[in-house]
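J.: Hey, dropping model-v4.cif in here, mmCIF, C-alpha atoms:
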```cif
data_run
loop_
_atom_site.label_atom_id
_atom_site.label_comp_id
_atom_site.auth_asym_id
_atom_site.auth_seq_id
_atom_site.Cartn_x
_atom_site.Cartn_y
_atom_site.Cartn_z
CA MET W 1 -34.08 -16.20 -6.06
CA LYS W 2 -32.18 -16.48 -9.33
CA ASN W 3 -29.49 -19.16 -9.45
CA LYS W 4 -26.18 -17.29 -9.38
CA ILE W 5 -23.91 -20.33 -9.46
CA ILE W 6 -22.06 -20.83 -12.75
CA THR W 7 -18.92 -22.67 -13.87
CA GLN W 8 -15.53 -20.97 -13.93
CA GLU W 9 -15.62 -21.23 -17.75
CA GLN W 10 -18.96 -19.41 -17.86
CA ALA W 11 -17.59 -16.80 -15.49
CA ALA W 12 -14.46 -16.17 -17.57
CA GLY W 13 -16.66 -16.02 -20.71
CA LEU W 14 -18.34 -12.88 -19.38
CA VAL W 15 -15.12 -10.94 -19.92
CA LYS W 16 -14.80 -9.64 -23.51
CA ASP W 17 -12.06 -7.86 -25.45
CA GLY W 18 -11.62 -4.21 -24.47
CA MET W 19 -13.45 -4.43 -21.15
CA THR W 20 -12.45 -2.70 -17.93
CA VAL W 21 -11.95 -5.34 -15.25
CA MET W 22 -11.43 -4.91 -11.52
CA LEU W 23 -9.48 -7.75 -9.91
CA GLY W 24 -9.53 -8.20 -6.14
CA GLY W 25 -6.40 -8.97 -4.15
CA TYR W 26 -3.25 -7.54 -2.62
CA LEU W 27 0.02 -9.18 -3.70
CA GLY W 28 -1.95 -12.28 -4.67
CA CYS W 29 -3.89 -12.58 -1.38
CA GLY W 30 -7.59 -12.43 -2.27
CA THR W 31 -6.85 -12.73 -5.98
CA PRO W 32 -9.25 -14.83 -8.10
CA HIS W 33 -6.52 -17.11 -9.45
CA GLY W 34 -8.80 -19.64 -11.16
CA ILE W 35 -10.76 -17.20 -13.32
CA ILE W 36 -7.57 -15.27 -14.18
CA GLY W 37 -6.11 -18.55 -15.46
CA LEU W 38 -9.10 -18.96 -17.77
CA LEU W 39 -8.83 -15.33 -18.98
CA VAL W 40 -5.28 -16.21 -20.03
CA LYS W 41 -6.57 -19.35 -21.80
CA ASN W 42 -9.40 -17.38 -23.49
CA ASN W 43 -6.82 -14.79 -24.56
CA VAL W 44 -9.18 -11.80 -24.21
CA ARG W 45 -7.26 -8.71 -25.34
CA ASN W 46 -6.95 -4.98 -24.76
CA LEU W 47 -8.14 -5.13 -21.19
CA THR W 48 -8.06 -2.22 -18.78
CA VAL W 49 -7.19 -3.81 -15.45
CA ILE W 50 -7.83 -2.08 -12.13
CA SER W 51 -6.07 -3.83 -9.25
CA ASN W 52 -3.83 -2.74 -6.39
CA ASP W 53 -0.64 -4.29 -7.72
CA ALA W 54 0.81 -6.56 -10.41
CA THR W 55 1.57 -9.45 -7.98
CA TYR W 56 4.55 -11.62 -8.87
CA PRO W 57 5.77 -13.15 -12.16
CA GLY W 58 3.65 -16.14 -13.16
CA GLN W 59 0.99 -15.36 -10.58
CA GLY W 60 -2.45 -13.70 -10.53
CA VAL W 61 -2.74 -10.38 -12.36
CA GLY W 62 0.86 -10.80 -13.51
CA ARG W 63 -0.15 -13.62 -15.88
CA LEU W 64 -2.37 -11.28 -17.90
CA PHE W 65 0.65 -9.01 -18.51
CA GLU W 66 2.88 -11.91 -19.49
CA ASN W 67 0.28 -12.88 -22.12
CA LYS W 68 0.13 -9.21 -23.32
CA GLN W 69 -3.59 -8.91 -22.56
CA VAL W 70 -3.42 -5.64 -20.62
CA GLU W 71 -3.62 -2.40 -22.59
CA ARG W 72 -3.91 -0.19 -19.52
CA PHE W 73 -3.28 -0.83 -15.83
CA ILE W 74 -4.59 1.31 -13.01
CA GLY W 75 -3.00 0.45 -9.66
CA SER W 76 -0.64 1.61 -6.94
CA HIS W 77 2.37 -0.70 -7.23
CA ILE W 78 4.06 -2.79 -9.93
CA GLY W 79 7.49 -3.23 -8.32
CA THR W 80 7.05 -6.93 -7.57
CA ASN W 81 6.65 -7.83 -11.25
CA PRO W 82 9.55 -6.71 -13.50
CA GLU W 83 7.67 -7.64 -16.71
CA VAL W 84 5.08 -4.93 -16.03
CA GLY W 85 7.84 -2.35 -15.55
CA ARG W 86 9.35 -3.46 -18.85
CA GLN W 87 6.03 -3.15 -20.70
CA MET W 88 5.46 0.29 -19.17
CA THR W 89 8.95 1.54 -20.08
CA CYS W 90 8.74 0.43 -23.72
CA GLY W 91 5.16 1.62 -24.15
CA GLU W 92 3.50 -1.77 -24.63
CA CYS W 93 1.16 -1.08 -21.73
CA PHE W 94 -0.04 2.20 -20.26
CA VAL W 95 0.40 2.13 -16.49
CA ASP W 96 -1.45 4.66 -14.33
CA LEU W 97 0.15 4.60 -10.87
CA ILE W 98 -1.96 6.26 -8.19
CA PRO W 99 -1.65 6.34 -4.41
CA GLN W 100 -3.23 3.28 -2.80
CA GLY W 101 -5.61 5.25 -0.59
CA THR W 102 -6.72 7.31 -3.58
CA LEU W 103 -7.29 4.10 -5.57
CA ALA W 104 -9.44 2.64 -2.77
CA GLU W 105 -11.45 5.83 -2.35
CA ARG W 106 -11.99 6.24 -6.11
CA ILE W 107 -13.44 2.72 -6.26
CA ARG W 108 -15.54 3.38 -3.16
CA CYS W 109 -16.93 6.54 -4.79
CA GLY W 110 -17.59 4.62 -8.02
CA GLY W 111 -19.90 2.32 -6.11
CA ALA W 112 -21.36 4.91 -3.77
CA GLY W 113 -22.72 7.41 -6.29
CA ILE W 114 -20.20 10.08 -5.32
CA ALA W 115 -18.83 12.18 -8.18
CA GLY W 116 -15.46 12.95 -6.65
CA PHE W 117 -13.54 13.73 -3.48
CA LEU W 118 -10.76 16.02 -2.29
CA THR W 119 -7.61 14.41 -0.93
CA PRO W 120 -4.41 15.97 0.46
CA THR W 121 -2.48 12.89 -0.70
CA GLY W 122 -0.13 13.62 -3.58
CA ILE W 123 -0.06 17.42 -3.34
CA GLY W 124 3.32 18.63 -4.62
CA THR W 125 4.02 15.30 -6.37
CA ILE W 126 3.38 13.87 -9.83
CA ALA W 127 0.08 12.50 -8.48
CA GLU W 128 -1.33 16.01 -8.97
CA VAL W 129 -0.32 16.28 -12.65
CA GLY W 130 -3.36 16.68 -14.90
CA ARG W 131 -5.72 16.97 -11.96
CA GLN W 132 -7.69 19.89 -10.62
CA ILE W 133 -6.31 21.37 -7.38
CA MET W 134 -8.72 23.05 -4.97
CA GLU W 135 -7.87 25.12 -1.93
CA LEU W 136 -10.12 24.92 1.13
CA ASP W 137 -9.39 26.68 4.43
CA GLY W 138 -5.88 27.46 3.23
CA LYS W 139 -5.00 23.86 2.41
CA LYS W 140 -4.57 22.32 -1.04
CA TYR W 141 -6.40 19.19 -2.17
CA ILE W 142 -6.50 17.11 -5.36
CA LEU W 143 -9.92 16.53 -6.89
CA GLU W 144 -10.14 12.81 -7.61
CA ARG W 145 -12.89 11.18 -9.67
CA PRO W 146 -14.60 7.80 -9.21
CA LEU W 147 -13.57 4.56 -10.87
CA ARG W 148 -15.97 1.93 -12.19
CA ALA W 149 -15.56 -1.25 -14.25
CA ASP W 150 -17.53 -3.45 -16.60
CA VAL W 151 -16.70 -6.50 -14.53
CA ALA W 152 -15.29 -7.07 -11.04
CA ILE W 153 -13.81 -10.49 -10.28
CA LEU W 154 -13.32 -11.26 -6.60
CA SER W 155 -12.11 -14.11 -4.44
CA ALA W 156 -14.00 -14.90 -1.23
CA ARG W 157 -13.29 -17.42 1.50
CA CYS W 158 -16.99 -18.18 1.62
CA ALA W 159 -20.10 -17.31 -0.42
CA ASP W 160 -23.62 -18.44 0.31
CA LYS W 161 -25.88 -19.40 -2.60
CA ASN W 162 -27.52 -15.97 -2.54
CA GLY W 163 -24.12 -14.27 -2.87
CA ASN W 164 -23.45 -13.03 0.65
CA LEU W 165 -19.68 -12.95 1.05
CA PHE W 166 -17.16 -13.49 3.81
CA PHE W 167 -13.50 -12.63 3.22
CA ALA W 168 -10.92 -14.22 5.53
CA LYS W 169 -8.33 -12.08 7.31
CA SER W 170 -6.25 -9.82 5.02
CA SER W 171 -7.83 -11.18 1.81
CA ARG W 172 -10.63 -8.60 2.19
CA ASN W 173 -8.56 -5.60 0.97
CA PHE W 174 -10.19 -3.90 -2.07
CA GLN W 175 -12.85 -6.55 -2.61
CA PRO W 176 -15.90 -5.15 -0.78
CA LEU W 177 -15.27 -1.83 -2.58
CA MET W 178 -14.96 -3.44 -6.01
CA ALA W 179 -18.18 -5.39 -5.39
CA THR W 180 -20.05 -2.08 -5.44
CA ALA W 181 -18.33 -0.50 -8.45
CA ALA W 182 -18.84 -2.80 -11.44
CA ASP W 183 -21.74 -3.62 -13.77
CA ILE W 184 -21.16 -7.37 -13.36
CA VAL W 185 -19.72 -8.82 -10.15
CA ILE W 186 -18.32 -12.36 -10.19
CA VAL W 187 -17.07 -14.17 -7.11
CA GLU W 188 -14.72 -17.12 -7.06
CA ALA W 189 -15.51 -18.70 -3.68
CA ASP W 190 -13.33 -21.22 -1.88
CA GLU W 191 -16.52 -22.61 -0.39
CA ILE W 192 -20.18 -22.23 -1.34
CA VAL W 193 -22.59 -22.65 1.58
CA GLU W 194 -26.34 -22.50 2.22
CA PRO W 195 -28.04 -19.13 2.86
CA GLY W 196 -27.83 -18.41 6.58
CA ASP W 197 -24.59 -20.34 7.08
CA ILE W 198 -22.68 -17.05 7.15
CA GLU W 199 -23.90 -15.18 10.25
CA PRO W 200 -25.65 -12.04 8.95
CA GLU W 201 -23.40 -9.78 11.03
CA CYS W 202 -20.35 -11.47 9.53
CA VAL W 203 -21.36 -10.70 5.93
CA HIS W 204 -18.73 -8.35 4.46
CA THR W 205 -20.50 -7.91 1.12
CA PRO W 206 -24.29 -8.32 0.96
CA SER W 207 -25.67 -10.56 -1.80
CA ILE W 208 -27.33 -7.70 -3.71
CA PHE W 209 -23.92 -6.72 -5.10
CA VAL W 210 -23.07 -10.19 -6.41
CA ASP W 211 -24.26 -11.40 -9.83
CA TYR W 212 -22.42 -14.71 -10.22
CA ILE W 213 -20.72 -17.24 -7.95
CA THR W 214 -18.29 -19.91 -9.05
CA GLU W 215 -16.45 -22.42 -6.91
CA ALA W 216 -12.65 -22.22 -6.74
CA ARG W 217 -10.82 -25.39 -7.77
CA LYS W 218 -8.82 -26.94 -5.00
CA MET M 1 26.15 -3.12 7.17
CA SER M 2 23.59 -5.12 9.15
CA ASP M 3 25.06 -3.52 12.29
CA VAL M 4 24.22 -0.13 10.80
CA LYS M 5 20.62 -1.20 10.17
CA THR M 6 20.32 -2.66 13.66
CA LEU M 7 21.65 0.55 15.19
CA ILE M 8 19.10 2.63 13.29
CA ALA M 9 16.23 0.25 14.09
CA ARG M 10 17.08 0.21 17.82
CA ARG M 11 17.13 3.99 17.97
CA VAL M 12 13.82 4.37 16.09
CA ALA M 13 12.12 1.93 18.48
CA LYS M 14 12.78 4.39 21.33
CA GLU M 15 10.47 6.91 19.63
CA PHE M 16 7.27 5.03 20.51
CA LYS M 17 4.99 5.63 23.48
CA ASP M 18 2.65 3.20 25.17
CA GLY M 19 -0.55 2.92 23.11
CA ASP M 20 0.92 4.22 19.85
CA VAL M 21 -0.47 3.00 16.52
CA VAL M 22 2.51 2.65 14.19
CA ASN M 23 3.18 1.91 10.54
CA LEU M 24 6.53 0.33 9.69
CA GLY M 25 7.47 0.49 6.01
CA ILE M 26 9.17 -2.23 3.98
CA GLY M 27 12.88 -2.92 4.49
CA LEU M 28 14.85 -1.32 7.32
CA PRO M 29 11.72 0.05 9.11
CA THR M 30 10.38 -3.51 9.45
CA LEU M 31 13.39 -4.34 11.68
CA VAL M 32 12.19 -1.75 14.21
CA ALA M 33 9.48 -4.17 15.41
CA ASP M 34 12.17 -6.39 16.99
CA TYR M 35 13.32 -3.59 19.31
CA ILE M 36 10.05 -2.18 20.66
CA PRO M 37 10.47 -2.11 24.46
CA ASP M 38 8.55 -4.87 26.28
CA ASP M 39 7.01 -2.44 28.75
CA ILE M 40 4.94 -0.56 26.14
CA ASP M 41 2.06 -1.70 23.94
CA VAL M 42 2.37 -0.66 20.31
CA THR M 43 -0.22 -1.65 17.71
CA LEU M 44 1.26 -2.20 14.26
CA TYR M 45 -0.74 -1.16 11.22
CA SER M 46 -0.45 -2.83 7.79
CA ASP M 47 -1.90 -0.92 4.85
CA ASN M 48 -3.37 -4.08 3.27
CA GLY M 49 -6.06 -3.93 5.94
CA CYS M 50 -4.76 -5.13 9.31
CA LEU M 51 -4.04 -3.82 12.77
CA GLY M 52 -2.14 -5.86 15.33
CA LEU M 53 -0.42 -8.48 13.18
CA GLY M 54 1.90 -10.75 15.13
CA GLY M 55 4.96 -11.11 12.91
CA ALA M 56 5.94 -13.55 10.18
CA ALA M 57 4.38 -17.04 10.02
CA ALA M 58 6.51 -20.17 10.44
CA GLU M 59 6.86 -22.07 7.17
CA ASP M 60 4.71 -24.93 8.44
CA HIS M 61 1.98 -22.58 9.73
CA ILE M 62 1.18 -20.52 6.65
CA ASP M 63 -2.34 -19.14 6.30
CA PRO M 64 -2.92 -18.22 2.63
CA TYR M 65 -5.46 -15.57 3.68
CA LEU M 66 -2.99 -13.67 5.86
CA ILE M 67 -0.13 -11.54 4.59
CA ASP M 68 1.43 -8.29 5.79
CA ALA M 69 1.82 -5.16 3.67
CA GLY M 70 5.04 -6.50 2.17
CA GLY M 71 3.43 -9.79 1.08
CA THR M 72 5.04 -11.92 3.80
CA PHE M 73 2.77 -14.58 5.33
CA ALA M 74 1.89 -13.25 8.77
CA THR M 75 0.21 -14.22 12.03
CA VAL M 76 -2.61 -12.81 14.14
CA GLY M 77 -1.30 -10.85 17.14
CA LYS M 78 -3.05 -9.50 20.18
CA ASN M 79 -5.50 -6.67 19.50
CA CYS M 80 -5.78 -7.78 15.86
CA ALA M 81 -8.43 -6.51 13.42
CA PHE M 82 -9.03 -6.79 9.68
CA PHE M 83 -10.81 -4.31 7.41
CA ASP M 84 -11.13 -3.23 3.79
CA SER M 85 -8.81 -0.86 1.93
CA ALA M 86 -11.10 2.19 2.25
CA LEU M 87 -11.07 1.92 6.05
CA SER M 88 -7.37 1.11 5.94
CA PHE M 89 -6.65 4.43 4.27
CA ALA M 90 -9.13 6.26 6.45
CA ILE M 91 -6.72 5.20 9.21
CA ALA M 92 -3.64 6.30 7.26
CA ARG M 93 -4.93 9.50 5.69
CA GLY M 94 -7.29 10.47 8.47
CA GLY M 95 -4.70 11.13 11.17
CA HIS M 96 -5.21 7.91 13.14
CA LEU M 97 -1.59 6.77 12.98
CA ASP M 98 0.68 8.14 15.70
CA VAL M 99 3.93 7.34 13.93
CA CYS M 100 4.87 6.28 10.41
CA VAL M 101 8.40 4.94 9.93
CA LEU M 102 9.57 4.76 6.32
CA GLY M 103 12.78 4.44 4.40
CA ALA M 104 13.72 7.14 1.90
CA LEU M 105 15.89 7.75 -1.13
CA GLN M 106 16.17 11.46 -0.27
CA VAL M 107 14.85 13.85 2.37
CA ASP M 108 15.31 17.60 2.18
CA SER M 109 15.47 20.44 4.67
CA ASN M 110 11.84 21.39 3.93
CA GLY M 111 10.72 17.96 5.09
CA ASN M 112 10.05 16.85 1.52
CA ILE M 113 10.57 13.14 0.96
CA ALA M 114 11.34 11.06 -2.15
CA ASN M 115 11.03 7.32 -1.69
CA TRP M 116 9.07 5.71 -4.51
CA CYS M 117 10.73 6.20 -7.87
CA VAL M 118 14.07 6.58 -9.66
CA PRO M 119 13.17 7.76 -13.19
CA GLY M 120 14.70 5.65 -15.91
CA LYS M 121 15.79 2.99 -13.40
CA LYS M 122 13.05 1.82 -11.10
CA ILE M 123 9.41 2.90 -11.03
CA PRO M 124 7.73 0.46 -8.65
CA GLY M 125 4.86 2.78 -7.72
CA MET M 126 4.01 4.67 -4.55
CA GLY M 127 1.75 2.02 -3.01
CA GLY M 128 0.46 3.47 0.26
CA ALA M 129 3.43 5.74 0.99
CA MET M 130 1.89 9.03 -0.20
CA ASP M 131 -1.20 8.57 1.99
CA LEU M 132 0.86 7.43 4.98
CA VAL M 133 3.23 10.40 5.05
CA VAL M 134 0.44 12.92 4.50
CA GLY M 135 -1.80 11.51 7.22
CA SER M 136 0.41 10.29 10.07
CA LYS M 137 0.83 12.52 13.11
CA ARG M 138 4.59 11.95 13.04
CA VAL M 139 6.78 10.79 10.16
CA ILE M 140 10.18 9.31 11.03
CA ILE M 141 12.62 8.35 8.31
CA ALA M 142 14.87 5.37 9.07
CA MET M 143 17.70 5.23 6.54
CA GLU M 144 21.43 5.09 6.06
CA HIS M 145 22.94 8.57 6.00
CA THR M 146 24.38 8.19 2.49
CA LEU M 147 23.91 5.86 -0.48
CA ARG M 148 27.21 4.67 -2.00
CA GLY M 149 28.86 7.81 -0.62
CA GLN M 150 26.19 10.15 -2.00
CA PRO M 151 24.26 12.27 0.52
CA LYS M 152 20.58 11.47 0.99
CA LEU M 153 19.87 14.52 3.16
CA MET M 154 19.57 17.33 0.62
CA GLU M 155 18.75 21.01 0.37
CA ASN M 156 16.13 20.05 -2.24
CA CYS M 157 15.19 16.54 -3.29
CA THR M 158 16.04 15.81 -6.92
CA LEU M 159 13.98 12.61 -7.24
CA PRO M 160 10.16 12.58 -7.67
CA LEU M 161 8.53 13.44 -4.35
CA THR M 162 6.32 11.29 -2.19
CA ALA M 163 5.06 14.28 -0.19
CA ILE M 164 5.99 17.84 0.75
CA ASN M 165 6.63 19.18 4.27
CA ALA M 166 5.94 15.79 5.78
CA VAL M 167 9.04 14.55 7.61
CA ASN M 168 9.52 15.27 11.33
CA ARG M 169 12.66 13.32 12.19
CA ILE M 170 15.40 11.35 10.45
CA VAL M 171 17.35 8.56 12.14
CA THR M 172 20.59 7.42 10.46
CA GLN M 173 23.68 5.61 11.70
CA MET M 174 25.33 9.03 12.15
CA GLY M 175 22.68 10.68 14.27
CA VAL M 176 19.15 11.93 14.80
CA ILE M 177 18.13 14.95 12.76
CA ASP M 178 14.93 16.94 13.19
CA VAL M 179 13.33 18.88 10.36
CA THR M 180 12.57 22.35 11.72
CA GLU M 181 11.27 25.59 10.22
CA ASN M 182 14.92 26.53 9.78
CA GLY M 183 15.98 23.26 8.17
CA PHE M 184 17.92 20.30 9.55
CA LEU M 185 18.85 20.28 13.24
CA LEU M 186 21.21 17.65 14.64
CA VAL M 187 19.79 16.63 18.03
CA GLU M 188 21.76 13.42 18.65
CA TYR M 189 25.04 12.16 17.24
CA ASN M 190 26.72 8.78 17.08
CA PRO M 191 30.01 9.21 19.02
CA GLU M 192 31.75 7.15 16.32
CA TYR M 193 31.51 10.26 14.13
CA THR M 194 32.43 13.90 14.68
CA VAL M 195 29.88 16.61 14.04
CA GLU M 196 32.09 17.78 11.18
CA GLU M 197 31.92 14.32 9.57
CA ILE M 198 28.12 14.30 9.90
CA LYS M 199 27.93 17.77 8.32
CA ALA M 200 30.22 16.63 5.49
CA ALA M 201 27.89 13.71 4.72
CA THR M 202 24.86 16.03 4.59
CA ALA M 203 24.18 18.05 1.42
CA ALA M 204 22.31 20.83 3.22
CA PRO M 205 23.03 23.19 6.12
CA LEU M 206 22.94 21.22 9.38
CA ALA M 207 22.44 23.23 12.57
CA VAL M 208 23.56 21.69 15.84
CA SER M 209 21.20 21.67 18.79
CA PRO M 210 22.51 23.36 21.96
CA ASP M 211 21.19 20.22 23.72
CA LEU M 212 23.10 17.84 21.44
CA LYS M 213 23.31 14.36 22.99
CA PRO M 214 24.97 11.09 22.04
CA MET M 215 22.42 8.74 20.37
CA ILE M 216 23.69 5.59 22.11
#
```
Translate this file's structure into structure tokens.
T.:
Amino acid sequence: MKNKIITQEQAAGLVKDGMTVMLGGYLGCGTPHGIIGLLVKNNVRNLTVISNDATYPGQGVGRLFENKQVERFIGSHIGTNPEVGRQMTCGECFVDLIPQGTLAERIRCGGAGIAGFLTPTGIGTIAEVGRQIMELDGKKYILERPLRADVAILSARCADKNGNLFFAKSSRNFQPLMATAADIVIVEADEIVEPGDIEPECVHTPSIFVDYITEARK
Amino acid sequence: MSDVKTLIARRVAKEFKDGDVVNLGIGLPTLVADYIPDDIDVTLYSDNGCLGLGGAAAEDHIDPYLIDAGGTFATVGKNCAFFDSALSFAIARGGHLDVCVLGALQVDSNGNIANWCVPGKKIPGMGGAMDLVVGSKRVIIAMEHTLRGQPKLMENCTLPLTAINAVNRIVTQMGVIDVTENGFLLVEYNPEYTVEEIKAATAAPLAVSPDLKPMI
């Protein structure tokens, strides 16, 4: 099997100006902090970032905003990072806020070959603006379309050398979905183990979805 | 002020039944967990992908892989399970939550709720709130009756909505108000206030239940 293990520098080098990047994590838990740090250092620009939230100032996804690298953000919550609100208000960054369940399902569809889905979430709110509304059995639904990315960068508690992943506790969040919905999938693993060391029934993301593995720095 | 929040949280905790799966929102609703009666089992849901969390972690026992929906380091409780965000919102949207308790900026007599955005001031994002209120079997709003003297129970919400026709019950320090087909109905009152005072603090018609009871 192809060697998937690369350095963090090589991993960060796969992200180019203008790319759409999915970043795993929820308020910094399950966020690939090491590779994000190198994206800041590399100063790649005009990124479209898809991630649940903007974490906190000086941390995770938030650092990309502070370095003005994000042209567009697609997520569900930015309230924990005032700088992102400021950039949105003065037009420096376009922020697309969508309901968290809709975000998750759009990513799931992006990886599952599904062209769209109908959700009751957001009917009668600004979440329906610019979207097609369909009525089925007397109830209104919003037609939502899939999301995909050029690169997904994830953080796993454990990866084996083939790329099978285990996410600890609440760090799983959006990560198994993102692993299916990007052209290149990179994993920053806290520990890299031998194939078979993760019990097959404990694999959250099978290796076929993972292109590159890099070890997190302690 | 904290007494007001405690009063509301204590009253909301009486809404749960043994076996309920419950979401508690950020802020005041989180306090409800402290008052769940010992003789019933309630499983708490966190939209970041957990059921059955066991409360906040002690500072010297922090697990970096375990936070609750508000970002606080948490602990594993009994009947705990972890899952990804798609399954998490299958639970929320799919009708698997018995009760969702959230705070609100405004609620109106149609059961519409606004709780995620104040245009021009604060636009934090809706997070999971829109899915939660649409999908839960019962939506209970835990909030103070007014904000700096301004009513929060309205005839029509003026702030951007989180969902329409979603709220079942509102618990404030003044009383318990149900949202019915005919608008707000006062079902319990705090004896510290008169019904007239509660009506005066409500910016919509407030009917009084013939079975009106004290809330404490």
J.: Do a neighbour search on M:His61 at 12 Å with all atoms listed in the file, toss out local chain neighbours closer than 2 positions, and write the hits as JSON, numbers by chain.
T.: {"M": [56, 57, 58, 59, 63, 64, 65, 66, 73, 74, 75, 76]}
J.: I need the residue set behind the PyMOL selection byres ((chain W) within 6 of (chain M)) for this file; please write it as an NGL selection string.
T.: :W and (27 or 76-79 or 97 or 99-101 or 104-105 or 121 or 125 or 168-174)
J.: Include C-alpha atoms and write out the residues we just selected as a PDB file, in the coordinates of the input.
T.:
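Once everything was written out, this is part.pdb:
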```
ATOM      1  CA  LEU W  27       0.020  -9.180  -3.700  1.00  0.00           C
ATOM      2  CA  SER W  76      -0.640   1.610  -6.940  1.00  0.00           C
ATOM      3  CA  HIS W  77       2.370  -0.700  -7.230  1.00  0.00           C
ATOM      4  CA  ILE W  78       4.060  -2.790  -9.930  1.00  0.00           C
ATOM      5  CA  GLY W  79       7.490  -3.230  -8.320  1.00  0.00           C
ATOM      6  CA  LEU W  97       0.150   4.600 -10.870  1.00  0.00           C
ATOM      7  CA  PRO W  99      -1.650   6.340  -4.410  1.00  0.00           C
ATOM      8  CA  GLN W 100      -3.230   3.280  -2.800  1.00  0.00           C
ATOM      9  CA  GLY W 101      -5.610   5.250  -0.590  1.00  0.00           C
ATOM     10  CA  ALA W 104      -9.440   2.640  -2.770  1.00  0.00           C
ATOM     11  CA  GLU W 105     -11.450   5.830  -2.350  1.00  0.00           C
ATOM     12  CA  THR W 121      -2.480  12.890  -0.700  1.00  0.00           C
ATOM     13  CA  THR W 125       4.020  15.300  -6.370  1.00  0.00           C
ATOM     14  CA  ALA W 168     -10.920 -14.220   5.530  1.00  0.00           C
ATOM     15  CA  LYS W 169      -8.330 -12.080   7.310  1.00  0.00           C
ATOM     16  CA  SER W 170      -6.250  -9.820   5.020  1.00  0.00           C
ATOM     17  CA  SER W 171      -7.830 -11.180   1.810  1.00  0.00           C
ATOM     18  CA  ARG W 172     -10.630  -8.600   2.190  1.00  0.00           C
ATOM     19  CA  ASN W 173      -8.560  -5.600   0.970  1.00  0.00           C
ATOM     20  CA  PHE W 174     -10.190  -3.900  -2.070  1.00  0.00           C
TER      21      PHE W 174
END
```
J.: Run through the PyMOL selection byres ((chain W and resi 203-206) around 10) on the given coordinates and return the selected residues as an mmCIF file with C-alpha atoms, in the frame of the given file.
T.:
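out-v8.cif, freshly written:
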```cif
data_model
loop_
_atom_site.group_PDB
_atom_site.id
_atom_site.type_symbol
_atom_site.label_atom_id
_atom_site.label_comp_id
_atom_site.auth_asym_id
_atom_site.auth_seq_id
_atom_site.Cartn_x
_atom_site.Cartn_y
_atom_site.Cartn_z
ATOM 1 C CA ALA W 156 -14.000 -14.900 -1.230
ATOM 2 C CA CYS W 158 -16.990 -18.180 1.620
ATOM 3 C CA ALA W 159 -20.100 -17.310 -0.420
ATOM 4 C CA ASP W 160 -23.620 -18.440 0.310
ATOM 5 C CA ASN W 162 -27.520 -15.970 -2.540
ATOM 6 C CA GLY W 163 -24.120 -14.270 -2.870
ATOM 7 C CA ASN W 164 -23.450 -13.030 0.650
ATOM 8 C CA LEU W 165 -19.680 -12.950 1.050
ATOM 9 C CA PHE W 166 -17.160 -13.490 3.810
ATOM 10 C CA PHE W 167 -13.500 -12.630 3.220
ATOM 11 C CA ALA W 168 -10.920 -14.220 5.530
ATOM 12 C CA ARG W 172 -10.630 -8.600 2.190
ATOM 13 C CA GLN W 175 -12.850 -6.550 -2.610
ATOM 14 C CA PRO W 176 -15.900 -5.150 -0.780
ATOM 15 C CA LEU W 177 -15.270 -1.830 -2.580
ATOM 16 C CA ALA W 179 -18.180 -5.390 -5.390
ATOM 17 C CA THR W 180 -20.050 -2.080 -5.440
ATOM 18 C CA ILE W 198 -22.680 -17.050 7.150
ATOM 19 C CA GLU W 199 -23.900 -15.180 10.250
ATOM 20 C CA PRO W 200 -25.650 -12.040 8.950
ATOM 21 C CA GLU W 201 -23.400 -9.780 11.030
ATOM 22 C CA CYS W 202 -20.350 -11.470 9.530
ATOM 23 C CA SER W 207 -25.670 -10.560 -1.800
ATOM 24 C CA ILE W 208 -27.330 -7.700 -3.710
ATOM 25 C CA PHE W 209 -23.920 -6.720 -5.100
ATOM 26 C CA VAL W 210 -23.070 -10.190 -6.410
ATOM 27 C CA PHE M 83 -10.810 -4.310 7.410
ATOM 28 C CA ASP M 84 -11.130 -3.230 3.790
#
```
J.: Within 12 Å of M:Pro210, counting all atoms listed in the file, which residues show up once you throw out same-chain ones fewer than 2 positions away? Write them as a ChimeraX atom specification, please.
T.: /M:185-188,207-208,212-213
J.: I'd like to see the residues matched by the PyMOL selection byres ((chain M and resi 32) around 7) on this file, and ideally I'd get them as a list in words.
T.: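 With the shown file as input, the PyMOL selection byres ((chain M and resi 32) around 7) matches Ala9, Arg10, Val12, Ala13, Pro29, Thr30, Leu31, Ala33, Asp34, Tyr35 and Ile36 of chain M.
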